[in-house]
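Novice: Take a look at structure-v2.csv, CSV, C-alpha atoms:
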chain,number,residue,atom,x,y,z
A,1,MET,CA,50.2,201.8,108.3
A,2,LYS,CA,50.7,198.9,110.7
A,3,ILE,CA,52.9,198.3,113.7
A,4,ASP,CA,55.7,195.8,112.9
A,5,SER,CA,57.6,195.7,116.2
A,6,VAL,CA,57.9,197.0,119.8
A,7,THR,CA,61.3,197.3,121.4
A,8,CYS,CA,62.0,198.1,125.0
A,9,ARG,CA,65.6,198.9,126.1
A,10,VAL,CA,66.2,199.0,129.9
A,11,VAL,CA,68.8,201.6,130.5
A,12,ASP,CA,70.8,202.4,133.6
A,13,PHE,CA,72.4,205.8,133.6
A,14,PRO,CA,74.8,206.8,136.3
A,15,LEU,CA,74.7,210.0,138.3
A,16,GLU,CA,78.0,211.8,138.7
A,17,ARG,CA,77.4,212.9,142.3
A,18,GLU,CA,75.4,211.9,145.3
A,19,PHE,CA,71.7,212.6,145.2
A,20,HIS,CA,69.4,212.3,148.2
A,21,PRO,CA,65.8,212.8,147.1
A,22,ALA,CA,63.6,213.9,150.0
A,23,TRP,CA,61.0,211.2,149.4
A,24,ALA,CA,63.5,208.3,149.4
A,25,ARG,CA,64.1,208.0,153.2
A,26,GLY,CA,67.7,208.9,153.2
A,27,ARG,CA,68.7,206.8,150.3
A,28,ASN,CA,71.5,208.0,147.9
A,29,GLN,CA,70.1,207.6,144.4
A,30,SER,CA,73.1,206.8,142.3
A,31,ASN,CA,71.5,206.3,138.9
A,32,ILE,CA,68.5,206.9,136.6
A,33,VAL,CA,66.8,203.6,135.5
A,34,MET,CA,64.4,203.9,132.6
A,35,VAL,CA,63.0,202.1,129.6
A,36,VAL,CA,63.4,203.6,126.1
A,37,ILE,CA,60.5,202.4,124.0
A,38,GLU,CA,60.4,202.2,120.2
A,39,VAL,CA,57.3,201.3,118.2
A,40,ARG,CA,58.2,200.7,114.5
A,41,THR,CA,55.8,200.7,111.6
A,42,ASP,CA,55.8,199.2,108.1
A,43,ASP,CA,56.0,202.7,106.8
A,44,GLY,CA,59.4,203.2,108.4
A,45,ILE,CA,58.2,205.5,111.1
A,46,THR,CA,59.4,204.9,114.7
A,47,GLY,CA,57.4,206.2,117.7
A,48,VAL,CA,59.6,206.9,120.8
A,49,GLY,CA,58.5,206.9,124.4
A,50,ALA,CA,59.8,206.0,127.8
A,51,ALA,CA,58.9,204.4,131.1
A,52,HIS,CA,59.9,205.9,134.4
A,53,ALA,CA,60.6,202.4,135.6
A,54,GLY,CA,62.9,199.4,135.0
A,55,VAL,CA,62.6,195.8,133.8
A,56,GLU,CA,59.2,195.5,135.3
A,57,ALA,CA,57.8,197.9,132.8
A,58,ALA,CA,59.6,196.3,129.9
A,59,VAL,CA,58.2,192.9,130.8
A,60,ALA,CA,54.7,194.2,131.2
A,61,ILE,CA,54.9,195.8,127.8
A,62,GLU,CA,56.4,192.7,126.3
A,63,ARG,CA,53.7,190.4,127.8
A,64,PHE,CA,50.5,192.5,127.9
A,65,VAL,CA,50.8,195.3,125.3
A,66,ALA,CA,53.1,194.4,122.4
A,67,PRO,CA,51.2,191.3,121.3
A,68,TYR,CA,48.1,193.4,120.9
A,69,PHE,CA,49.8,196.3,119.2
A,70,ILE,CA,51.6,194.2,116.4
A,71,GLY,CA,49.6,194.5,113.2
A,72,GLN,CA,47.5,197.4,114.3
A,73,ASP,CA,47.2,200.9,112.9
A,74,PRO,CA,49.0,203.2,115.3
A,75,THR,CA,47.0,206.2,114.2
A,76,HIS,CA,43.9,204.6,115.7
A,77,VAL,CA,45.0,205.7,119.2
A,78,GLU,CA,41.7,205.4,120.9
A,79,ARG,CA,41.3,201.8,119.8
A,80,LEU,CA,44.6,200.9,121.4
A,81,VAL,CA,44.3,202.8,124.7
A,82,PRO,CA,42.0,200.2,126.3
A,83,VAL,CA,44.9,197.7,125.9
A,84,LEU,CA,47.0,200.0,128.2
A,85,ARG,CA,44.2,200.3,130.7
A,86,ASP,CA,43.5,196.6,130.8
A,87,SER,CA,47.2,195.7,131.1
A,88,GLU,CA,47.4,197.3,134.6
A,89,ILE,CA,45.2,194.5,135.9
A,90,LEU,CA,48.1,192.0,135.6
A,91,GLY,CA,51.3,194.1,135.3
A,92,ALA,CA,53.0,197.4,135.9
A,93,PRO,CA,51.1,200.6,134.6
A,94,VAL,CA,52.2,201.2,131.0
A,95,TYR,CA,50.3,204.4,130.2
A,96,CYS,CA,53.6,205.6,128.8
A,97,MET,CA,52.9,203.6,125.6
A,98,GLU,CA,50.4,206.1,124.4
A,99,MET,CA,53.3,208.5,123.8
A,100,THR,CA,54.8,206.3,121.1
A,101,LEU,CA,51.5,206.3,119.2
A,102,TRP,CA,51.2,210.1,119.2
A,103,ASP,CA,54.9,210.4,118.2
A,104,ILE,CA,54.0,208.3,115.1
A,105,VAL,CA,50.9,210.4,114.4
A,106,GLY,CA,52.9,213.6,114.6
A,107,LYS,CA,55.7,212.3,112.4
A,108,ALA,CA,53.2,211.0,109.8
A,109,ALA,CA,51.5,214.4,109.8
A,110,GLY,CA,54.7,216.3,109.7
A,111,MET,CA,53.7,218.4,112.8
A,112,PRO,CA,54.6,218.7,116.5
A,113,VAL,CA,52.1,216.8,118.6
A,114,SER,CA,51.3,220.0,120.6
A,115,ARG,CA,50.2,221.7,117.4
A,116,LEU,CA,48.1,218.7,116.4
A,117,TRP,CA,46.3,219.1,119.8
A,118,GLY,CA,45.5,222.7,119.3
A,119,GLY,CA,48.8,224.5,119.8
A,120,TYR,CA,47.8,227.0,122.5
A,121,SER,CA,51.4,228.1,122.9
A,122,ASP,CA,54.9,227.3,121.7
A,123,ARG,CA,56.5,227.6,125.2
A,124,VAL,CA,55.6,227.1,128.8
A,125,THR,CA,57.0,228.8,132.0
A,126,ALA,CA,59.2,226.3,133.9
A,127,TYR,CA,59.5,226.0,137.6
A,128,CYS,CA,62.8,224.7,138.9
A,129,ALA,CA,61.8,221.5,140.8
A,130,THR,CA,64.3,220.8,143.6
A,131,ALA,CA,64.4,217.4,145.3
A,132,GLU,CA,66.7,217.4,148.3
A,133,VAL,CA,66.1,218.9,151.7
A,134,ARG,CA,68.7,221.6,152.4
A,135,PRO,CA,69.2,224.2,155.1
A,136,PRO,CA,67.7,227.7,154.5
A,137,ALA,CA,71.0,229.4,153.8
A,138,GLU,CA,71.8,226.9,151.1
A,139,ARG,CA,68.4,227.3,149.5
A,140,VAL,CA,68.8,231.1,149.5
A,141,GLU,CA,72.1,230.6,147.5
A,142,ASP,CA,70.3,228.1,145.2
A,143,VAL,CA,67.5,230.6,144.5
A,144,GLN,CA,69.8,233.4,143.8
A,145,ARG,CA,71.6,231.2,141.2
A,146,MET,CA,68.2,230.3,139.7
A,147,LEU,CA,67.2,233.9,139.3
A,148,ALA,CA,70.5,234.6,137.5
A,149,GLU,CA,69.8,231.7,135.2
A,150,GLY,CA,66.4,233.0,134.3
A,151,TYR,CA,64.0,230.9,136.4
A,152,ARG,CA,60.9,232.6,137.6
A,153,ALA,CA,59.6,229.9,139.9
A,154,VAL,CA,60.9,227.2,142.3
A,155,LYS,CA,59.5,224.3,144.2
A,156,PHE,CA,60.9,223.1,147.6
A,157,ARG,CA,60.4,219.8,149.4
A,158,PHE,CA,59.0,219.6,153.0
A,159,HIS,CA,60.2,216.4,154.7
A,160,LEU,CA,61.7,217.2,158.1
A,161,ASP,CA,60.3,215.7,161.2
A,162,ASP,CA,59.1,219.2,162.3
A,163,PRO,CA,57.4,221.1,159.5
A,164,ARG,CA,58.2,224.3,161.3
A,165,GLU,CA,61.9,223.7,160.3
A,166,ASP,CA,60.8,223.3,156.7
A,167,LEU,CA,58.9,226.6,156.8
A,168,LYS,CA,62.2,228.4,157.6
A,169,VAL,CA,63.4,227.7,154.1
A,170,VAL,CA,60.5,229.6,152.6
A,171,GLU,CA,60.9,232.4,155.2
A,172,ALA,CA,64.6,232.8,154.4
A,173,VAL,CA,64.1,232.8,150.6
A,174,ARG,CA,61.3,235.4,150.9
A,175,ALA,CA,63.5,237.6,153.1
A,176,ALA,CA,66.4,237.3,150.6
A,177,VAL,CA,64.6,237.8,147.2
A,178,GLY,CA,61.1,239.0,148.0
A,179,ASP,CA,58.6,238.4,145.4
A,180,ARG,CA,61.0,238.1,142.5
A,181,ILE,CA,60.3,234.3,142.3
A,182,GLU,CA,57.2,232.2,142.6
A,183,ILE,CA,57.4,229.6,145.3
A,184,MET,CA,55.7,226.2,145.4
A,185,VAL,CA,56.0,223.5,148.1
A,186,ASP,CA,55.7,219.7,147.8
A,187,ALA,CA,55.0,217.6,150.9
A,188,ASN,CA,54.8,214.3,149.0
A,189,GLN,CA,52.2,213.0,151.4
A,190,ALA,CA,50.1,211.4,148.6
A,191,GLY,CA,52.2,208.2,148.6
A,192,VAL,CA,55.5,206.9,149.9
A,193,GLU,CA,58.2,204.6,148.6
A,194,PRO,CA,58.2,201.1,150.1
A,195,GLY,CA,60.3,200.8,153.2
A,196,HIS,CA,60.4,201.0,156.9
A,197,GLY,CA,60.5,204.2,158.9
A,198,GLY,CA,61.7,207.6,157.8
A,199,HIS,CA,58.3,208.9,156.7
A,200,HIS,CA,56.4,211.2,159.1
A,201,ALA,CA,52.8,211.4,157.8
A,202,TRP,CA,50.9,214.6,158.2
A,203,ASP,CA,47.5,214.6,159.7
A,204,PHE,CA,44.8,217.1,158.7
A,205,GLN,CA,45.8,219.6,161.4
A,206,ALA,CA,49.5,219.5,160.4
A,207,ALA,CA,48.6,220.1,156.8
A,208,LEU,CA,46.3,223.0,157.7
A,209,THR,CA,48.9,224.6,159.9
A,210,VAL,CA,51.6,224.4,157.2
A,211,ALA,CA,49.1,225.6,154.5
A,212,ARG,CA,48.1,228.7,156.5
A,213,GLU,CA,51.8,229.6,157.0
A,214,LEU,CA,52.5,229.2,153.3
A,215,GLU,CA,49.5,231.3,152.5
A,216,ARG,CA,50.8,234.0,154.7
A,217,MET,CA,54.2,233.9,152.8
A,218,GLN,CA,52.4,234.1,149.4
A,219,VAL,CA,53.3,230.6,148.2
A,220,ARG,CA,51.7,229.6,144.9
A,221,TRP,CA,50.7,226.1,145.8
A,222,LEU,CA,51.0,223.3,148.4
A,223,GLU,CA,51.4,219.9,146.7
A,224,GLU,CA,50.2,216.6,148.0
A,225,PRO,CA,49.5,217.6,151.6
A,226,LEU,CA,47.4,214.5,152.4
A,227,PRO,CA,47.1,210.9,151.1
A,228,ARG,CA,45.9,210.6,147.5
A,229,HIS,CA,42.6,208.9,148.4
A,230,ASP,CA,41.7,211.3,151.3
A,231,TYR,CA,39.2,213.0,149.2
A,232,ASP,CA,37.2,214.4,152.1
A,233,GLY,CA,40.4,215.7,153.8
A,234,LEU,CA,41.7,217.4,150.6
A,235,ARG,CA,38.3,219.1,149.9
A,236,ARG,CA,38.1,220.2,153.5
A,237,LEU,CA,41.6,221.6,153.5
A,238,ARG,CA,41.1,223.4,150.2
A,239,GLY,CA,37.9,225.0,151.6
A,240,LYS,CA,39.8,226.6,154.5
A,241,LEU,CA,42.3,228.5,152.3
A,242,ASP,CA,41.9,231.7,150.4
A,243,THR,CA,45.0,232.3,148.1
A,244,LEU,CA,47.1,229.1,148.5
A,245,ALA,CA,46.2,226.5,145.9
A,246,ILE,CA,46.2,222.8,146.7
A,247,ALA,CA,47.9,220.6,144.0
A,248,GLY,CA,48.3,216.9,143.3
A,249,GLY,CA,47.4,213.9,141.3
A,250,GLU,CA,50.7,212.3,140.2
A,251,ASP,CA,50.0,209.2,142.2
A,252,ASN,CA,46.5,208.8,141.0
A,253,HIS,CA,45.8,206.5,138.0
A,254,GLY,CA,43.3,206.7,135.2
A,255,LEU,CA,40.7,209.1,133.9
A,256,HIS,CA,38.2,207.8,136.5
A,257,GLU,CA,40.3,208.9,139.4
A,258,PHE,CA,41.0,212.3,138.0
A,259,LYS,CA,37.2,212.8,137.4
A,260,LEU,CA,36.7,211.8,141.0
A,261,LEU,CA,39.3,214.3,142.2
A,262,ILE,CA,37.5,217.0,140.2
A,263,ASP,CA,34.0,216.0,141.3
A,264,ARG,CA,35.0,215.8,145.0
A,265,GLY,CA,36.7,219.3,144.9
A,266,CYS,CA,40.1,218.0,146.0
A,267,TYR,CA,42.5,220.2,144.1
A,268,ASP,CA,42.9,223.6,142.5
A,269,ILE,CA,45.7,222.2,140.3
A,270,LEU,CA,45.8,218.7,138.9
A,271,GLN,CA,49.2,217.1,138.2
A,272,PRO,CA,48.9,214.0,136.0
A,273,ASP,CA,52.1,212.6,134.5
A,274,ALA,CA,52.3,211.2,131.0
A,275,LEU,CA,54.5,208.3,132.1
A,276,LEU,CA,52.8,207.5,135.4
A,277,SER,CA,49.2,208.6,135.7
A,278,GLU,CA,47.4,208.2,132.3
A,279,GLY,CA,48.3,208.3,128.6
A,280,VAL,CA,49.4,211.7,127.4
A,281,GLY,CA,46.6,211.9,124.9
A,282,GLN,CA,44.1,211.0,127.7
A,283,MET,CA,45.5,213.8,129.8
A,284,ARG,CA,43.9,216.2,127.3
A,285,LYS,CA,40.6,214.9,128.5
A,286,ILE,CA,41.6,215.5,132.1
A,287,ALA,CA,42.6,219.1,131.1
A,288,ALA,CA,39.3,219.7,129.4
A,289,LEU,CA,37.4,218.5,132.5
A,290,ALA,CA,39.6,220.7,134.7
A,291,GLU,CA,39.0,223.7,132.4
A,292,VAL,CA,35.3,223.4,132.6
A,293,ALA,CA,35.6,223.2,136.4
A,294,GLY,CA,37.8,226.3,136.6
A,295,LEU,CA,40.9,224.3,137.6
A,296,GLU,CA,44.5,224.3,136.3
A,297,VAL,CA,46.7,221.5,135.1
A,298,ALA,CA,50.4,221.5,135.7
A,299,PRO,CA,51.8,218.1,134.7
A,300,HIS,CA,54.1,216.3,137.1
A,301,THR,CA,57.3,215.1,135.6
A,302,TRP,CA,60.4,213.4,137.0
A,303,GLY,CA,63.2,211.0,136.0
A,304,ASN,CA,64.0,211.5,132.4
A,305,GLY,CA,63.9,214.0,129.5
A,306,ILE,CA,61.6,211.8,127.3
A,307,GLY,CA,58.8,212.0,129.8
A,308,LEU,CA,59.5,215.7,130.3
A,309,MET,CA,59.1,216.2,126.5
A,310,ALA,CA,55.7,214.5,126.5
A,311,ASN,CA,54.4,216.6,129.4
A,312,LEU,CA,55.8,219.7,127.6
A,313,HIS,CA,53.7,219.1,124.5
A,314,LEU,CA,50.6,218.5,126.6
A,315,ALA,CA,51.3,221.7,128.6
A,316,ALA,CA,51.7,223.8,125.5
A,317,ALA,CA,48.5,222.4,123.9
A,318,ILE,CA,46.1,223.4,126.7
A,319,PRO,CA,44.9,226.8,127.9
A,320,ASN,CA,44.9,226.1,131.6
A,321,CYS,CA,48.5,225.1,132.3
A,322,PRO,CA,50.4,227.8,134.3
A,323,PHE,CA,53.8,226.0,134.7
A,324,LEU,CA,55.9,223.0,133.6
A,325,GLU,CA,57.8,221.1,136.2
A,326,PHE,CA,61.5,221.2,135.3
A,327,PRO,CA,63.6,218.9,137.6
A,328,HIS,CA,67.0,220.4,138.3
A,329,ASP,CA,68.7,220.5,141.7
A,330,PRO,CA,72.5,221.2,141.5
A,331,PRO,CA,75.0,220.7,143.0
A,332,SER,CA,73.5,217.2,143.6
A,333,GLY,CA,73.8,214.5,141.0
A,334,PHE,CA,70.3,215.2,139.7
A,335,THR,CA,70.6,218.1,137.3
A,336,ALA,CA,68.9,218.9,134.0
A,337,ALA,CA,71.9,217.5,132.2
A,338,ALA,CA,71.6,214.2,134.1
A,339,ARG,CA,67.9,214.1,133.6
A,340,ASP,CA,68.3,214.5,129.8
A,341,GLN,CA,71.4,212.4,129.2
A,342,MET,CA,69.5,210.1,126.9
A,343,LEU,CA,68.8,213.0,124.6
A,344,ALA,CA,71.2,214.5,122.0
A,345,GLU,CA,69.4,217.8,122.4
A,346,PRO,CA,68.6,218.4,126.1
A,347,LEU,CA,65.8,220.7,127.2
A,348,THR,CA,66.7,224.1,128.5
A,349,ILE,CA,65.0,227.3,129.6
A,350,ASP,CA,65.1,230.6,127.6
A,351,ALA,CA,66.0,234.0,129.0
A,352,GLU,CA,62.4,234.4,130.2
A,353,GLY,CA,62.4,231.1,132.1
A,354,CYS,CA,60.3,229.2,129.6
A,355,VAL,CA,60.8,225.9,127.8
A,356,ARG,CA,60.1,226.0,124.1
A,357,VAL,CA,58.5,223.2,122.2
A,358,PRO,CA,60.8,221.8,119.5
A,359,ASP,CA,59.6,222.6,116.0
A,360,ARG,CA,60.0,219.0,114.8
A,361,PRO,CA,57.4,216.4,113.9
A,362,GLY,CA,56.1,214.2,116.7
A,363,PHE,CA,57.5,215.0,120.1
A,364,GLY,CA,60.7,216.2,118.5
A,365,LEU,CA,63.0,213.8,120.4
A,366,VAL,CA,66.5,213.3,119.3
A,367,LEU,CA,68.1,210.4,121.1
A,368,ASP,CA,71.7,210.0,122.0
A,369,GLU,CA,71.9,206.5,120.6
A,370,GLU,CA,75.5,206.0,121.5
A,371,ARG,CA,75.0,206.8,125.1
A,372,ILE,CA,71.8,204.7,125.3
A,373,ALA,CA,73.5,201.7,123.8
A,374,HIS,CA,76.4,202.0,126.2
A,375,HIS,CA,74.1,202.0,129.2
A,376,THR,CA,71.5,199.4,128.0
A,377,VAL,CA,71.3,196.4,130.4
A,378,SER,CA,68.6,194.4,128.6
A,379,THR,CA,66.5,194.6,125.4
A,380,HIS,CA,63.0,193.2,124.9
A,381,THR,CA,61.7,193.0,121.3
A,382,THR,CA,58.3,191.7,120.0
A,383,GLY,CA,57.8,191.4,116.3
A,384,GLU,CA,60.1,191.4,113.2
Would you write out, as structure tokens, the structure that this file holds?

Specialist:
Amino acid sequence: MKIDSVTCRVVDFPLEREFHPAWARGRNQSNIVMVVIEVRTDDGITGVGAAHAGVEAAVAIERFVAPYFIGQDPTHVERLVPVLRDSEILGAPVYCMEMTLWDIVGKAAGMPVSRLWGGYSDRVTAYCATAEVRPPAERVEDVQRMLAEGYRAVKFRFHLDDPREDLKVVEAVRAAVGDRIEIMVDANQAGVEPGHGGHHAWDFQAALTVARELERMQVRWLEEPLPRHDYDGLRRLRGKLDTLAIAGGEDNHGLHEFKLLIDRGCYDILQPDALLSEGVGQMRKIAALAEVAGLEVAPHTWGNGIGLMANLHLAAAIPNCPFLEFPHDPPSGFTAAARDQMLAEPLTIDAEGCVRVPDRPGFGLVLDEERIAHHTVSTHTTGE
């Protein structure tokens, strides 16, 4: 089997309502921009993937990846992975391309990728990942709706100037629903979008104060409380806590950085992302290192349902994944339906709050070709 062509379609999907993600400094995000990637073989198999990015990723793939993939056997994944690592020297990170290769392998084998990787489970508990900053009363209403829909866990964002105001959200939710739902908190301090103002960085003392309050309220984890390269600060913070886990890693790149995070004792829970942090197959290596170190892996995911599907298969294949991130924050414009609008079969949770792995070969993706075609803004093809 050989790779005949690589096609990247840059797609711009609109959101139906306003969406103000906490990390975007007050910006209204009106759309989802992504790249749908298709790698075709001479055997007629097409591997599908996506980039959580726009034309910059399509150009990087076209220039630095596709010429070295054409004519190669896609089942020799480990031979092709170095191309993805080396391409980051000159272009945008394109670890997302490994997903297309495993999709081909799974389709050729007639098995879901998660089962090829060991098939630890056929479903993973989802946590409803919110994105906006809302008052306590609104979040109480949101959580009550989540419980009625079957969710067993939720994640809130802390981004107010005074973290004590953020803490009131957790206090209100705990008072309203008790321990009927697991709570996580994301501070998004590991990195920040380009811009001026609007981001109030935490120092170590602020992170420790918030962490101790969250520990008192029996929060499951605090995510990204400090910059992603503050290895000493993260280790020190983690060492001062008893029951609250420290999580992070979505903004770190490459196996080497995740090994460093493990060796330096930075996190209890690692959160690599198959579209951002490292190739989805390489994330199995991260999970193995974490397992040996007694750590958990809960993949980060955001932006589109294709990336969520890749992270779902990884999560279901390993024994140390407690939760799957499930972005969904109605009544804003960013809902599960908006996230998955490129899919003909969107991902949902079952009655027990879990996401089930599709029982189809590869990653089991079914694209909404008509909708993708309607919203495609540019196409980049190499080969054939």

Novice: Which residues come within 10 Å of Pro361 (chain A), counting all atoms listed in the file, excluding same-chain residues fewer than 4 positions away, as number ranges by chain?

Specialist: A: 103-116, 365

Novice: Find the residue from A:Gly248, A:Pro346, A:Pro74, A:Gly281 that sits nearest to Pro299 (chain A); use all atoms listed in the file when measuring.

Specialist: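 Selected residue with least distance to Pro299 (chain A): A:Gly248.
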
Novice: I'd like the neighbourhood of region 232-246 of chain A as a list of chain:residue names, where a residue qualifies if any of its atoms comes within 6 Å (using only C-alpha atoms), though same-chain residues fewer than 6 positions away should be ignored.

Specialist: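 That gives A:Glu215, A:Arg220, A:Trp221, A:Leu222, A:Glu223, A:Gly265, A:Cys266, A:Tyr267, A:Asp268.
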
Novice: For a test of reading the model, state the distance in Å between CA of Ala22 (chain A) and CA of Asn320 (chain A), rounded to one decimal.

Specialist: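 The value is 28.9 Å.
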
Novice: Which of these residues is nearest to Met146 (chain A), using all atoms listed in the file: A:Leu160, A:Glu165, A:Glu278, A:Gly353?

Specialist: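 Smallest distance to Met146 (chain A) is found for A:Gly353.
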
Novice: Could you tell me how far CA of Glu171 (chain A) sits from CA of Ala247 (chain A), in Å to one decimal place?

Specialist: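 These atoms are spaced 20.8 Å apart.
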
Novice: I need every residue sitting at most 9 Å from the point (53.9, 196.3, 127.6) (coordinates as in the file, all atoms listed in the file considered), written as a list in words.

Specialist: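 Protein, DNA and RNA residues close to (53.9, 196.3, 127.6): Val6, Cys8, Ala57, Ala58, Val59, Ala60, Ile61, Glu62, Arg63, Phe64, Val65, Ala66, Pro67, Leu84, Ser87, Gly91, Ala92, Pro93, Val94 and Met97 of chain A.
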
Novice: Please produce an output containing C-alpha atoms for each residue in the selection, written as a PDB file, in the frame of the given file.

Specialist:
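Output (selection-v1.pdb):
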ATOM      1  CA  VAL A   6      57.900 197.000 119.800  1.00  0.00           C
ATOM      2  CA  CYS A   8      62.000 198.100 125.000  1.00  0.00           C
ATOM      3  CA  ALA A  57      57.800 197.900 132.800  1.00  0.00           C
ATOM      4  CA  ALA A  58      59.600 196.300 129.900  1.00  0.00           C
ATOM      5  CA  VAL A  59      58.200 192.900 130.800  1.00  0.00           C
ATOM      6  CA  ALA A  60      54.700 194.200 131.200  1.00  0.00           C
ATOM      7  CA  ILE A  61      54.900 195.800 127.800  1.00  0.00           C
ATOM      8  CA  GLU A  62      56.400 192.700 126.300  1.00  0.00           C
ATOM      9  CA  ARG A  63      53.700 190.400 127.800  1.00  0.00           C
ATOM     10  CA  PHE A  64      50.500 192.500 127.900  1.00  0.00           C
ATOM     11  CA  VAL A  65      50.800 195.300 125.300  1.00  0.00           C
ATOM     12  CA  ALA A  66      53.100 194.400 122.400  1.00  0.00           C
ATOM     13  CA  PRO A  67      51.200 191.300 121.300  1.00  0.00           C
ATOM     14  CA  LEU A  84      47.000 200.000 128.200  1.00  0.00           C
ATOM     15  CA  SER A  87      47.200 195.700 131.100  1.00  0.00           C
ATOM     16  CA  GLY A  91      51.300 194.100 135.300  1.00  0.00           C
ATOM     17  CA  ALA A  92      53.000 197.400 135.900  1.00  0.00           C
ATOM     18  CA  PRO A  93      51.100 200.600 134.600  1.00  0.00           C
ATOM     19  CA  VAL A  94      52.200 201.200 131.000  1.00  0.00           C
ATOM     20  CA  MET A  97      52.900 203.600 125.600  1.00  0.00           C
TER      21      MET A  97
END

Novice: What gap, in Å, lies between CA of Cys128 (chain A) and CA of Met309 (chain A)?

Specialist: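 That distance, rounded to one decimal, is 15.5 Å.
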
Novice: Looking at A:Arg216, A:Arg371, A:Lys168, A:His256, which one is nearest to Asp340 (chain A), with distances taken over only C-alpha atoms?

Specialist: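 Selected residue with least distance to Asp340 (chain A): A:Arg371.
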
Novice: Would you list the contacts of Asn311 (chain A) as a ChimeraX atom specification, taking every protein, DNA or RNA residue within 8 Å and counting all atoms listed in the file, but skipping same-chain residues closer than 2 positions in sequence?

Specialist: /A:273-274,280,299-301,307-309,313-315,324

Novice: Can you tell me which residues surround Ile372 (chain A) at a distance of at most 7 Å, considering all atoms listed in the file, apart from same-chain residues fewer than 4 positions away, and format the answer as a list in words?

Specialist: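 In the requested form, the answer reads Val11, Met342, Asp368 and Thr376 of chain A.
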
Novice: So that I have them on file, write out the residues from the current selection with C-alpha atoms, as a PDB file, keeping the file's coordinate frame.

Specialist:
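The result, stored in out_9.pdb:
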ATOM      1  CA  VAL A  11      68.800 201.600 130.500  1.00  0.00           C
ATOM      2  CA  MET A 342      69.500 210.100 126.900  1.00  0.00           C
ATOM      3  CA  ASP A 368      71.700 210.000 122.000  1.00  0.00           C
ATOM      4  CA  THR A 376      71.500 199.400 128.000  1.00  0.00           C
TER       5      THR A 376
END

Novice: Residues within 8 Å of Val169 (chain A), please, as a PyMOL selection string. Count all atoms listed in the file; anything in the same chain fewer than 5 positions from it doesn't count.

Specialist: chain A and resi 135-137+139-140

Novice: May I ask which of the residues A:Arg9, A:His199, A:His76, A:Arg360 is the closest one to Val55 (chain A), counting all atoms listed in the file?

Specialist: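 Ranked by minimum distance to Val55 (chain A), first place goes to A:Arg9.
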
Novice: Nearest residue to Ala310 (chain A) out of A:Val292, A:Arg284, A:Ala201, A:Asp12, using all atoms listed in the file?

Specialist: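 So, comparing all the options, the nearest one is A:Arg284.
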
Novice: With only C-alpha atoms as the atoms that count, which of A:Gln282, A:Ser30, A:Gln144, A:Asn252 lies nearest to Glu98 (chain A)?

Specialist: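 Once distances to Glu98 (chain A) are computed over only C-alpha atoms, the minimum belongs to A:Gln282.
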